[in-house]
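Undergrad: Dropping the structure in here first, questions after.
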Amino acid sequence: MTQKIHPFLFSPIHTSTLSLFRLLFGAAMVYQCLYYIRIDYAFQFMAGPEILFSYPYFEFVQPLPVDLLRGIQWLMLLSAVLMTAGLFTRWASGFFFISFSYFTLIDKTLFNNHLYLFMLLALLFAFVDSERCYSLRNRFRAKPVPPYVESWQIYVFRFMVFLVYFYGGVMKLDREWLSGNIAESALIAKGVGDMPLLNAFFTYGGVGYDLLIGFLLLYKPTRAVAVVFVLFFNLTNHFYLFDDIGIFPFTMIACTVVFFDPERTAHFMNRLTGAPAVRKKDRPKPAAATWDWRKKWIATGLGFFLAFQLLFPFRYLLFTDNPEWSGIAERFSWRMKMQTRAVDRFEMTIQDLPNGQPQPVTHEAFLSFNQLKHLTNDPYNIIQLSQYLAEEAKRRGMKNPTVRADVRVRYNRRPPQPMIVTEAPLEQQTIDPFAPQNWLVPLKKQ
């Protein structure tokens, strides 16, 4: 078994597609960082809000002083530029991964699946030799290194892109998506009303695309057709369906290059740039099939990474049958565009027990626009807000404050239904997937 794994992981392969993807991904991250700087992300989403909705077990992740955060923004931009140029790529990718993760994980309402993918891709670039082509580092080396890397360095990116698509399709094999209500909401938002055929196309076509596109990209005879599908799907998402996915569609288009034949890509790029043609005799001989300590560490690390990526998205099976409604295990699971919620009523009250009168809370005053927009997407956000309000009330003189909420939402185009048990003392609830959700009203069946 190990003798079959060795050539699969460690055979030499031309680095053209890996290096080209590094250049394209780096350029996309430059755009992302410039956008963060333009909107003053450091203040608007990190230092400015009165409350941050922390991830469970990551409450220690807190914002630094705003001027320091702005400095990190500029350093993150510099690291993206270095990735694009192919200079100190591993160090730049590592810094980008840490800083971008910090900016993303500071508040749950900032989460988006494409930001999670950007984090993972940056992490992978910190471990591969992506600057052996199309890079300043390679151009100015005293002695250029051969443009070949061990095959695992490209295969791990193929795995990651394949997984995002395929798991995105698997997660859509769910009654909520297959009902057509989610796609219909997106079409109505674009001014397209009663069009059942178009709704069915986006509902079932989206599932089929996600499940099959990875296989079509891997299989050489269907790769060209797959690229056409990738262009149509991602450009439609960007220009027609969704207005909150930013640079993600163009990054996914760029991801297709990791499926291209590396030597044919090298021939094309060399003709384009006037570089010498790739010759078969320059290809290094396959490494001896011996497992030294370095290869064992690489294989072990890849095994852990692949196992985590394969299993972690299904952790919801331990807790709930509806991650979106319950807010449990919804994130970091490639559950993309799996819910819509229109708020019909959101009223909060605070009362000083035992004899105080309930007082209305203007919760909007404590939240940023982004937090308010995503507040009801995760019921645990309401618990965290209630706990913050109770602590704030204690600081202002209340002895025993309790917070309650009356929340009604239209979930995936259902009729309005209560979301929170109105008599539940929300400040006493535990933010833990293992704790019972007695405060959450069960979702009514359609």
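In the structure tokens, the first chain shown is A, the next is B, and so on; residue numbers restart at 1 for each chain, and ligands run from 1 in the order shown.
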DSSP says alpha helix (DSSP H) for which residues of region 18-155 of chain A? Put them as a ChimeraX atom specification?
TA: /A:18-38,41,66-85,89-105,113-125,136-139,152-155
Undergrad: Any chance you can output those residues with C-alpha atoms as a PDB file, in the first residue's frame?
TA:
```pdb
ATOM      1  CA  LEU A  18       0.501  25.761  -9.136  1.00  0.00           C
ATOM      2  CA  SER A  19       2.499  28.915  -9.812  1.00  0.00           C
ATOM      3  CA  LEU A  20      -0.148  30.365 -12.113  1.00  0.00           C
ATOM      4  CA  PHE A  21      -2.799  29.763  -9.467  1.00  0.00           C
ATOM      5  CA  ARG A  22      -0.580  31.443  -6.864  1.00  0.00           C
ATOM      6  CA  LEU A  23      -0.390  34.512  -9.084  1.00  0.00           C
ATOM      7  CA  LEU A  24      -4.165  34.619  -9.672  1.00  0.00           C
ATOM      8  CA  PHE A  25      -5.073  33.904  -6.055  1.00  0.00           C
ATOM      9  CA  GLY A  26      -2.610  36.507  -4.829  1.00  0.00           C
ATOM     10  CA  ALA A  27      -4.123  39.104  -7.172  1.00  0.00           C
ATOM     11  CA  ALA A  28      -7.595  38.290  -5.845  1.00  0.00           C
ATOM     12  CA  MET A  29      -6.357  38.735  -2.277  1.00  0.00           C
ATOM     13  CA  VAL A  30      -4.793  42.087  -3.207  1.00  0.00           C
ATOM     14  CA  TYR A  31      -8.246  43.164  -4.351  1.00  0.00           C
ATOM     15  CA  GLN A  32      -9.800  41.826  -1.125  1.00  0.00           C
ATOM     16  CA  CYS A  33      -7.292  43.725   1.038  1.00  0.00           C
ATOM     17  CA  LEU A  34      -7.776  46.961  -0.895  1.00  0.00           C
ATOM     18  CA  TYR A  35     -11.519  46.578  -0.325  1.00  0.00           C
ATOM     19  CA  TYR A  36     -10.922  46.125   3.422  1.00  0.00           C
ATOM     20  CA  ILE A  37      -8.803  49.263   3.514  1.00  0.00           C
ATOM     21  CA  ARG A  38     -11.333  51.271   1.485  1.00  0.00           C
ATOM     22  CA  TYR A  41     -12.775  47.157   7.936  1.00  0.00           C
ATOM     23  CA  VAL A  66      -7.742  50.298  15.962  1.00  0.00           C
ATOM     24  CA  ASP A  67      -4.500  51.898  14.755  1.00  0.00           C
ATOM     25  CA  LEU A  68      -2.713  48.574  15.152  1.00  0.00           C
ATOM     26  CA  LEU A  69      -5.529  46.827  13.279  1.00  0.00           C
ATOM     27  CA  ARG A  70      -5.187  49.283  10.428  1.00  0.00           C
ATOM     28  CA  GLY A  71      -1.457  48.599  10.357  1.00  0.00           C
ATOM     29  CA  ILE A  72      -2.179  44.871  10.081  1.00  0.00           C
ATOM     30  CA  GLN A  73      -4.511  45.632   7.175  1.00  0.00           C
ATOM     31  CA  TRP A  74      -1.636  47.218   5.278  1.00  0.00           C
ATOM     32  CA  LEU A  75       0.724  44.371   6.152  1.00  0.00           C
ATOM     33  CA  MET A  76      -1.921  41.920   4.928  1.00  0.00           C
ATOM     34  CA  LEU A  77      -2.020  43.829   1.645  1.00  0.00           C
ATOM     35  CA  LEU A  78       1.775  43.652   1.426  1.00  0.00           C
ATOM     36  CA  SER A  79       1.700  39.894   2.014  1.00  0.00           C
ATOM     37  CA  ALA A  80      -0.880  39.498  -0.785  1.00  0.00           C
ATOM     38  CA  VAL A  81       1.345  41.531  -3.121  1.00  0.00           C
ATOM     39  CA  LEU A  82       4.303  39.296  -2.237  1.00  0.00           C
ATOM     40  CA  MET A  83       2.218  36.184  -2.934  1.00  0.00           C
ATOM     41  CA  THR A  84       1.255  37.571  -6.316  1.00  0.00           C
ATOM     42  CA  ALA A  85       4.839  38.481  -7.180  1.00  0.00           C
ATOM     43  CA  THR A  89       5.794  33.339  -0.762  1.00  0.00           C
ATOM     44  CA  ARG A  90       5.705  30.880   2.120  1.00  0.00           C
ATOM     45  CA  TRP A  91       6.253  33.553   4.770  1.00  0.00           C
ATOM     46  CA  ALA A  92       3.816  35.920   3.055  1.00  0.00           C
ATOM     47  CA  SER A  93       1.160  33.200   2.783  1.00  0.00           C
ATOM     48  CA  GLY A  94       1.613  32.238   6.431  1.00  0.00           C
ATOM     49  CA  PHE A  95       1.211  35.830   7.570  1.00  0.00           C
ATOM     50  CA  PHE A  96      -1.797  36.295   5.302  1.00  0.00           C
ATOM     51  CA  PHE A  97      -3.422  33.148   6.711  1.00  0.00           C
ATOM     52  CA  ILE A  98      -2.963  34.261  10.339  1.00  0.00           C
ATOM     53  CA  SER A  99      -4.045  37.882   9.827  1.00  0.00           C
ATOM     54  CA  PHE A 100      -6.929  37.094   7.480  1.00  0.00           C
ATOM     55  CA  SER A 101      -8.183  34.405   9.877  1.00  0.00           C
ATOM     56  CA  TYR A 102      -8.026  36.895  12.741  1.00  0.00           C
ATOM     57  CA  PHE A 103     -10.023  39.459  10.772  1.00  0.00           C
ATOM     58  CA  THR A 104     -12.602  36.831   9.784  1.00  0.00           C
ATOM     59  CA  LEU A 105     -13.000  34.996  13.096  1.00  0.00           C
ATOM     60  CA  ASN A 113     -17.815  30.300   3.171  1.00  0.00           C
ATOM     61  CA  HIS A 114     -15.631  31.997   0.586  1.00  0.00           C
ATOM     62  CA  LEU A 115     -13.624  33.722   3.337  1.00  0.00           C
ATOM     63  CA  TYR A 116     -13.057  30.310   4.913  1.00  0.00           C
ATOM     64  CA  LEU A 117     -11.816  28.995   1.566  1.00  0.00           C
ATOM     65  CA  PHE A 118      -9.418  31.948   1.233  1.00  0.00           C
ATOM     66  CA  MET A 119      -8.006  31.095   4.658  1.00  0.00           C
ATOM     67  CA  LEU A 120      -7.427  27.452   3.699  1.00  0.00           C
ATOM     68  CA  LEU A 121      -5.814  28.271   0.355  1.00  0.00           C
ATOM     69  CA  ALA A 122      -3.440  30.743   2.003  1.00  0.00           C
ATOM     70  CA  LEU A 123      -2.548  28.081   4.570  1.00  0.00           C
ATOM     71  CA  LEU A 124      -1.726  25.583   1.812  1.00  0.00           C
ATOM     72  CA  PHE A 125       0.440  28.088  -0.046  1.00  0.00           C
ATOM     73  CA  LEU A 136      10.373  37.409  -8.898  1.00  0.00           C
ATOM     74  CA  ARG A 137      12.139  34.961  -6.593  1.00  0.00           C
ATOM     75  CA  ASN A 138      12.798  32.544  -9.421  1.00  0.00           C
ATOM     76  CA  ARG A 139      13.742  35.310 -11.852  1.00  0.00           C
ATOM     77  CA  TRP A 152       1.124  16.290  -3.641  1.00  0.00           C
ATOM     78  CA  GLN A 153       1.641  20.036  -3.839  1.00  0.00           C
ATOM     79  CA  ILE A 154      -0.796  20.287  -6.744  1.00  0.00           C
ATOM     80  CA  TYR A 155      -3.076  17.422  -5.710  1.00  0.00           C
TER      81      TYR A 155
END
```
Undergrad: Counting only C-alpha atoms, what are the residues of region 280-378 of chain A within 12 Å of region 417-429 of chain A, and for each of them which pair of atoms is the nearest and at what distance in Å, to one decimal? Sort the table by chain and rising number, as JSON lines.
TA:
```
{"residue": "A:Trp325", "atom": "CA", "partner": "A:Met419", "partner_atom": "CA", "distance": 8.9}
{"residue": "A:Ser326", "atom": "CA", "partner": "A:Met419", "partner_atom": "CA", "distance": 9.8}
{"residue": "A:Gly327", "atom": "CA", "partner": "A:Met419", "partner_atom": "CA", "distance": 11.8}
{"residue": "A:Arg341", "atom": "CA", "partner": "A:Met419", "partner_atom": "CA", "distance": 10.7}
{"residue": "A:Ala342", "atom": "CA", "partner": "A:Gln417", "partner_atom": "CA", "distance": 10.7}
{"residue": "A:Val343", "atom": "CA", "partner": "A:Gln417", "partner_atom": "CA", "distance": 9.8}
{"residue": "A:Asp344", "atom": "CA", "partner": "A:Gln417", "partner_atom": "CA", "distance": 8.8}
{"residue": "A:Arg345", "atom": "CA", "partner": "A:Pro418", "partner_atom": "CA", "distance": 8.9}
{"residue": "A:Phe346", "atom": "CA", "partner": "A:Met419", "partner_atom": "CA", "distance": 9.8}
{"residue": "A:Glu347", "atom": "CA", "partner": "A:Thr422", "partner_atom": "CA", "distance": 9.9}
{"residue": "A:Met348", "atom": "CA", "partner": "A:Thr422", "partner_atom": "CA", "distance": 9.4}
{"residue": "A:Thr349", "atom": "CA", "partner": "A:Thr422", "partner_atom": "CA", "distance": 10.0}
{"residue": "A:Ile350", "atom": "CA", "partner": "A:Pro425", "partner_atom": "CA", "distance": 9.6}
{"residue": "A:Gln351", "atom": "CA", "partner": "A:Pro425", "partner_atom": "CA", "distance": 10.1}
{"residue": "A:Asp352", "atom": "CA", "partner": "A:Pro425", "partner_atom": "CA", "distance": 11.8}
{"residue": "A:Leu353", "atom": "CA", "partner": "A:Pro425", "partner_atom": "CA", "distance": 11.1}
{"residue": "A:Pro358", "atom": "CA", "partner": "A:Glu423", "partner_atom": "CA", "distance": 11.9}
{"residue": "A:Thr376", "atom": "CA", "partner": "A:Met419", "partner_atom": "CA", "distance": 8.9}
{"residue": "A:Asn377", "atom": "CA", "partner": "A:Met419", "partner_atom": "CA", "distance": 10.7}
{"residue": "A:Asp378", "atom": "CA", "partner": "A:Met419", "partner_atom": "CA", "distance": 10.5}
```
Undergrad: Output C-alpha atoms of each residue in that selection to a file, as a PDB file, in the first residue's frame.
TA:
```
ATOM      1  CA  TRP A 325     -32.406  26.814  12.128  1.00  0.00           C
ATOM      2  CA  SER A 326     -30.552  25.671  15.250  1.00  0.00           C
ATOM      3  CA  GLY A 327     -27.337  27.586  14.541  1.00  0.00           C
ATOM      4  CA  ARG A 341     -34.895  34.734   7.033  1.00  0.00           C
ATOM      5  CA  ALA A 342     -37.190  37.726   6.816  1.00  0.00           C
ATOM      6  CA  VAL A 343     -37.836  39.253  10.234  1.00  0.00           C
ATOM      7  CA  ASP A 344     -41.512  39.978  10.945  1.00  0.00           C
ATOM      8  CA  ARG A 345     -41.020  40.997  14.578  1.00  0.00           C
ATOM      9  CA  PHE A 346     -38.037  41.539  16.849  1.00  0.00           C
ATOM     10  CA  GLU A 347     -38.769  42.922  20.296  1.00  0.00           C
ATOM     11  CA  MET A 348     -36.572  42.589  23.380  1.00  0.00           C
ATOM     12  CA  THR A 349     -37.346  43.499  26.974  1.00  0.00           C
ATOM     13  CA  ILE A 350     -35.250  43.655  30.128  1.00  0.00           C
ATOM     14  CA  GLN A 351     -36.637  43.365  33.649  1.00  0.00           C
ATOM     15  CA  ASP A 352     -35.076  43.699  37.083  1.00  0.00           C
ATOM     16  CA  LEU A 353     -36.398  40.706  39.038  1.00  0.00           C
ATOM     17  CA  PRO A 358     -40.301  44.930  31.729  1.00  0.00           C
ATOM     18  CA  THR A 376     -31.389  36.248  13.353  1.00  0.00           C
ATOM     19  CA  ASN A 377     -29.425  33.953  11.016  1.00  0.00           C
ATOM     20  CA  ASP A 378     -28.002  32.256  14.114  1.00  0.00           C
TER      21      ASP A 378
END
```
Undergrad: With only C-alpha atoms as the atoms that count, which of A:Ser333, A:Gln44, A:Thr362, A:Asn400 lies nearest to Gly169 (chain A)?
TA: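 The answer is A:Ser333, which sits nearest to Gly169 (chain A).
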Undergrad: For Phe242 (chain A), list every protein, DNA or RNA residue within 9 Å, evaluated using only C-alpha atoms, and leave out those in the same chain fewer than 5 positions away; present the list as JSON, numbers by chain.
TA: {"A": [186, 190, 236, 237]}
Undergrad: Just to confirm, what's the straight-line distance from CA of Gln3 (chain A) to CA of Lys220 (chain A) in Å (one decimal)?
TA: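 Taking CA of Gln3 (chain A) and CA of Lys220 (chain A), their separation equals 25.9 Å.
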Undergrad: Given only C-alpha atoms as the basis, pick out the residue of A:Ile182, A:Leu310, A:Leu367, A:Ile13 nearest to Phe332 (chain A).
TA: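 For Phe332 (chain A), the nearest of the candidates is A:Leu310.
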Undergrad: Show me, as a PyMOL selection string, the residues that have an atom within 9 Å of Pro262 (chain A) when counting only C-alpha atoms, minus same-chain residues fewer than 3 positions from it.
TA: chain A and resi 13-18+257-259+265-267
Undergrad: Mind writing the picked residues with all heavy atoms as a compact mmCIF listing (two decimals), in the first residue's frame?
TA:
```
# COMPACT_ATOMS: atom_id res chain seq x y z
N ILE A 13 6.33 16.80 -10.79
CA ILE A 13 5.30 17.35 -11.68
C ILE A 13 5.61 18.82 -11.90
O ILE A 13 6.09 19.51 -11.00
CB ILE A 13 3.89 17.13 -11.05
CG1 ILE A 13 2.78 17.46 -12.04
CG2 ILE A 13 3.73 17.93 -9.78
CD1 ILE A 13 1.40 17.01 -11.56
N HIS A 14 5.38 19.29 -13.12
CA HIS A 14 5.70 20.68 -13.44
C HIS A 14 4.85 21.62 -12.60
O HIS A 14 3.66 21.37 -12.37
CB HIS A 14 5.48 20.94 -14.93
CG HIS A 14 6.25 22.12 -15.44
ND1 HIS A 14 5.86 23.42 -15.19
CD2 HIS A 14 7.40 22.20 -16.16
CE1 HIS A 14 6.73 24.26 -15.75
NE2 HIS A 14 7.67 23.54 -16.35
N THR A 15 5.46 22.70 -12.16
CA THR A 15 4.79 23.61 -11.22
C THR A 15 4.00 24.73 -11.88
O THR A 15 3.54 25.65 -11.21
CB THR A 15 5.84 24.23 -10.27
OG1 THR A 15 5.17 24.90 -9.20
CG2 THR A 15 6.72 25.23 -11.01
N SER A 16 3.84 24.67 -13.21
CA SER A 16 3.22 25.78 -13.93
C SER A 16 1.82 26.11 -13.41
O SER A 16 1.50 27.28 -13.17
CB SER A 16 3.15 25.46 -15.43
OG SER A 16 2.40 24.27 -15.64
N THR A 17 0.98 25.09 -13.24
CA THR A 17 -0.40 25.38 -12.81
C THR A 17 -0.44 25.87 -11.36
O THR A 17 -1.24 26.75 -11.02
CB THR A 17 -1.28 24.13 -12.96
OG1 THR A 17 -0.66 23.02 -12.30
CG2 THR A 17 -1.48 23.78 -14.42
N LEU A 18 0.43 25.32 -10.52
CA LEU A 18 0.50 25.76 -9.14
C LEU A 18 0.96 27.21 -9.07
O LEU A 18 0.38 28.03 -8.33
CB LEU A 18 1.45 24.86 -8.35
CG LEU A 18 1.69 25.22 -6.88
CD1 LEU A 18 0.40 25.12 -6.08
CD2 LEU A 18 2.77 24.33 -6.28
N VAL A 257 -7.50 26.38 -12.86
CA VAL A 257 -6.18 26.13 -13.46
C VAL A 257 -5.45 24.98 -12.77
O VAL A 257 -4.58 24.35 -13.39
CB VAL A 257 -5.31 27.41 -13.45
CG1 VAL A 257 -5.99 28.55 -14.16
CG2 VAL A 257 -4.91 27.81 -12.04
N VAL A 258 -5.77 24.68 -11.51
CA VAL A 258 -5.05 23.60 -10.83
C VAL A 258 -5.43 22.24 -11.42
O VAL A 258 -4.74 21.24 -11.16
CB VAL A 258 -5.29 23.60 -9.31
CG1 VAL A 258 -4.86 24.92 -8.70
CG2 VAL A 258 -6.74 23.28 -8.96
N PHE A 259 -6.52 22.19 -12.22
CA PHE A 259 -6.91 20.93 -12.87
C PHE A 259 -6.30 20.78 -14.26
O PHE A 259 -6.40 19.71 -14.86
CB PHE A 259 -8.43 20.85 -12.98
CG PHE A 259 -9.13 20.76 -11.65
CD1 PHE A 259 -9.57 21.90 -11.00
CD2 PHE A 259 -9.34 19.54 -11.03
CE1 PHE A 259 -10.23 21.83 -9.78
CE2 PHE A 259 -9.98 19.45 -9.81
CZ PHE A 259 -10.43 20.60 -9.18
N THR A 265 0.20 23.47 -19.86
CA THR A 265 0.12 24.86 -19.37
C THR A 265 1.47 25.54 -19.45
O THR A 265 1.56 26.72 -19.84
CB THR A 265 -0.40 24.87 -17.92
OG1 THR A 265 -1.66 24.21 -17.85
CG2 THR A 265 -0.54 26.29 -17.42
N ALA A 266 2.54 24.80 -19.12
CA ALA A 266 3.88 25.37 -19.20
C ALA A 266 4.24 25.72 -20.63
O ALA A 266 4.83 26.79 -20.90
CB ALA A 266 4.89 24.39 -18.62
N HIS A 267 3.90 24.85 -21.59
CA HIS A 267 4.16 25.14 -23.01
C HIS A 267 3.45 26.42 -23.42
O HIS A 267 4.04 27.30 -24.08
CB HIS A 267 3.68 23.98 -23.89
CG HIS A 267 4.63 22.83 -23.95
ND1 HIS A 267 5.90 22.92 -24.48
CD2 HIS A 267 4.49 21.53 -23.54
CE1 HIS A 267 6.52 21.74 -24.42
NE2 HIS A 267 5.68 20.88 -23.83
```
Undergrad: Could you tell me how far CA of Asn199 (chain A) lies from CA of Gln339 (chain A), in Å and to one decimal?
TA: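 The value is 15.6 Å.
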Undergrad: Select, from A:Arg396, A:Arg158, A:Arg175, A:Lys337, the residue with the minimum atom-to-atom distance to Thr256 (chain A), counting only C-alpha atoms.
TA: A:Arg158
Undergrad: Quick one: pull the distance between CA of Ser386 (chain A) and CA of Pro49 (chain A), Å, one decimal.
TA: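 That distance, rounded to one decimal, is 15.7 Å.
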Undergrad: Mind the document's chain letters and residue numbers, and return as a short mmCIF file (atom, residue, chain, number, x, y, z; two decimals) with N, CA, C and O atoms, in the first residue's frame the residues of region 292-363 of chain A that DSSP labels strand (DSSP E or B).
TA:
```cif
data_model
loop_
_atom_site.label_atom_id
_atom_site.label_comp_id
_atom_site.auth_asym_id
_atom_site.auth_seq_id
_atom_site.Cartn_x
_atom_site.Cartn_y
_atom_site.Cartn_z
N ARG A 341 -34.02 34.37 5.90
CA ARG A 341 -34.89 34.73 7.03
C ARG A 341 -35.33 36.19 6.86
O ARG A 341 -34.49 37.08 6.79
N ALA A 342 -36.62 36.38 6.81
CA ALA A 342 -37.19 37.73 6.82
C ALA A 342 -37.81 37.94 8.20
O ALA A 342 -38.63 37.15 8.65
N VAL A 343 -37.39 38.99 8.86
CA VAL A 343 -37.84 39.25 10.23
C VAL A 343 -39.18 39.96 10.20
O VAL A 343 -39.31 41.05 9.62
N ASP A 344 -40.20 39.36 10.81
CA ASP A 344 -41.51 39.98 10.95
C ASP A 344 -41.62 40.78 12.24
O ASP A 344 -42.31 41.80 12.29
N ARG A 345 -40.97 40.30 13.29
CA ARG A 345 -41.02 41.00 14.58
C ARG A 345 -39.75 40.70 15.35
O ARG A 345 -39.26 39.58 15.37
N PHE A 346 -39.19 41.73 15.97
CA PHE A 346 -38.04 41.54 16.85
C PHE A 346 -38.16 42.55 17.98
O PHE A 346 -37.87 43.73 17.81
N GLU A 347 -38.60 42.06 19.12
CA GLU A 347 -38.77 42.92 20.30
C GLU A 347 -38.06 42.27 21.48
O GLU A 347 -38.24 41.09 21.75
N MET A 348 -37.27 43.07 22.19
CA MET A 348 -36.57 42.59 23.38
C MET A 348 -36.97 43.44 24.57
O MET A 348 -37.20 44.66 24.44
N THR A 349 -37.06 42.78 25.73
CA THR A 349 -37.35 43.50 26.97
C THR A 349 -36.34 43.08 28.03
O THR A 349 -35.80 41.96 27.99
N ILE A 350 -36.11 43.96 28.99
CA ILE A 350 -35.25 43.66 30.13
C ILE A 350 -36.01 44.02 31.40
O ILE A 350 -36.72 45.04 31.45
N GLN A 351 -35.87 43.19 32.41
CA GLN A 351 -36.64 43.36 33.65
C GLN A 351 -35.74 43.08 34.84
O GLN A 351 -34.95 42.13 34.81
N ASP A 352 -35.84 43.91 35.86
CA ASP A 352 -35.08 43.70 37.08
C ASP A 352 -35.94 42.88 38.05
O ASP A 352 -36.89 43.39 38.64
N GLN A 359 -38.93 46.49 30.51
CA GLN A 359 -38.63 47.70 29.76
C GLN A 359 -38.17 47.32 28.35
O GLN A 359 -37.34 46.42 28.19
N PRO A 360 -38.69 47.98 27.32
CA PRO A 360 -38.25 47.65 25.95
C PRO A 360 -36.78 48.02 25.74
O PRO A 360 -36.28 48.99 26.32
N VAL A 361 -36.11 47.23 24.94
CA VAL A 361 -34.70 47.46 24.62
C VAL A 361 -34.59 47.82 23.14
O VAL A 361 -35.10 47.09 22.28
#
```
Undergrad: So which residues touch Gln384 (chain A) within 10 Å, counting only C-alpha atoms, skipping near sequence neighbours fewer than 3 positions away, as a VMD selection string?
TA: chain A and resid 51 to 54 379 to 381 387 to 390 426 to 427 429 to 431
Undergrad: May I ask which of the residues A:Phe157, A:Tyr204, A:Phe8, A:Tyr316 is the closest one to Met252 (chain A), counting only C-alpha atoms?
TA: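 Smallest separation from Met252 (chain A) among the options: A:Phe157.
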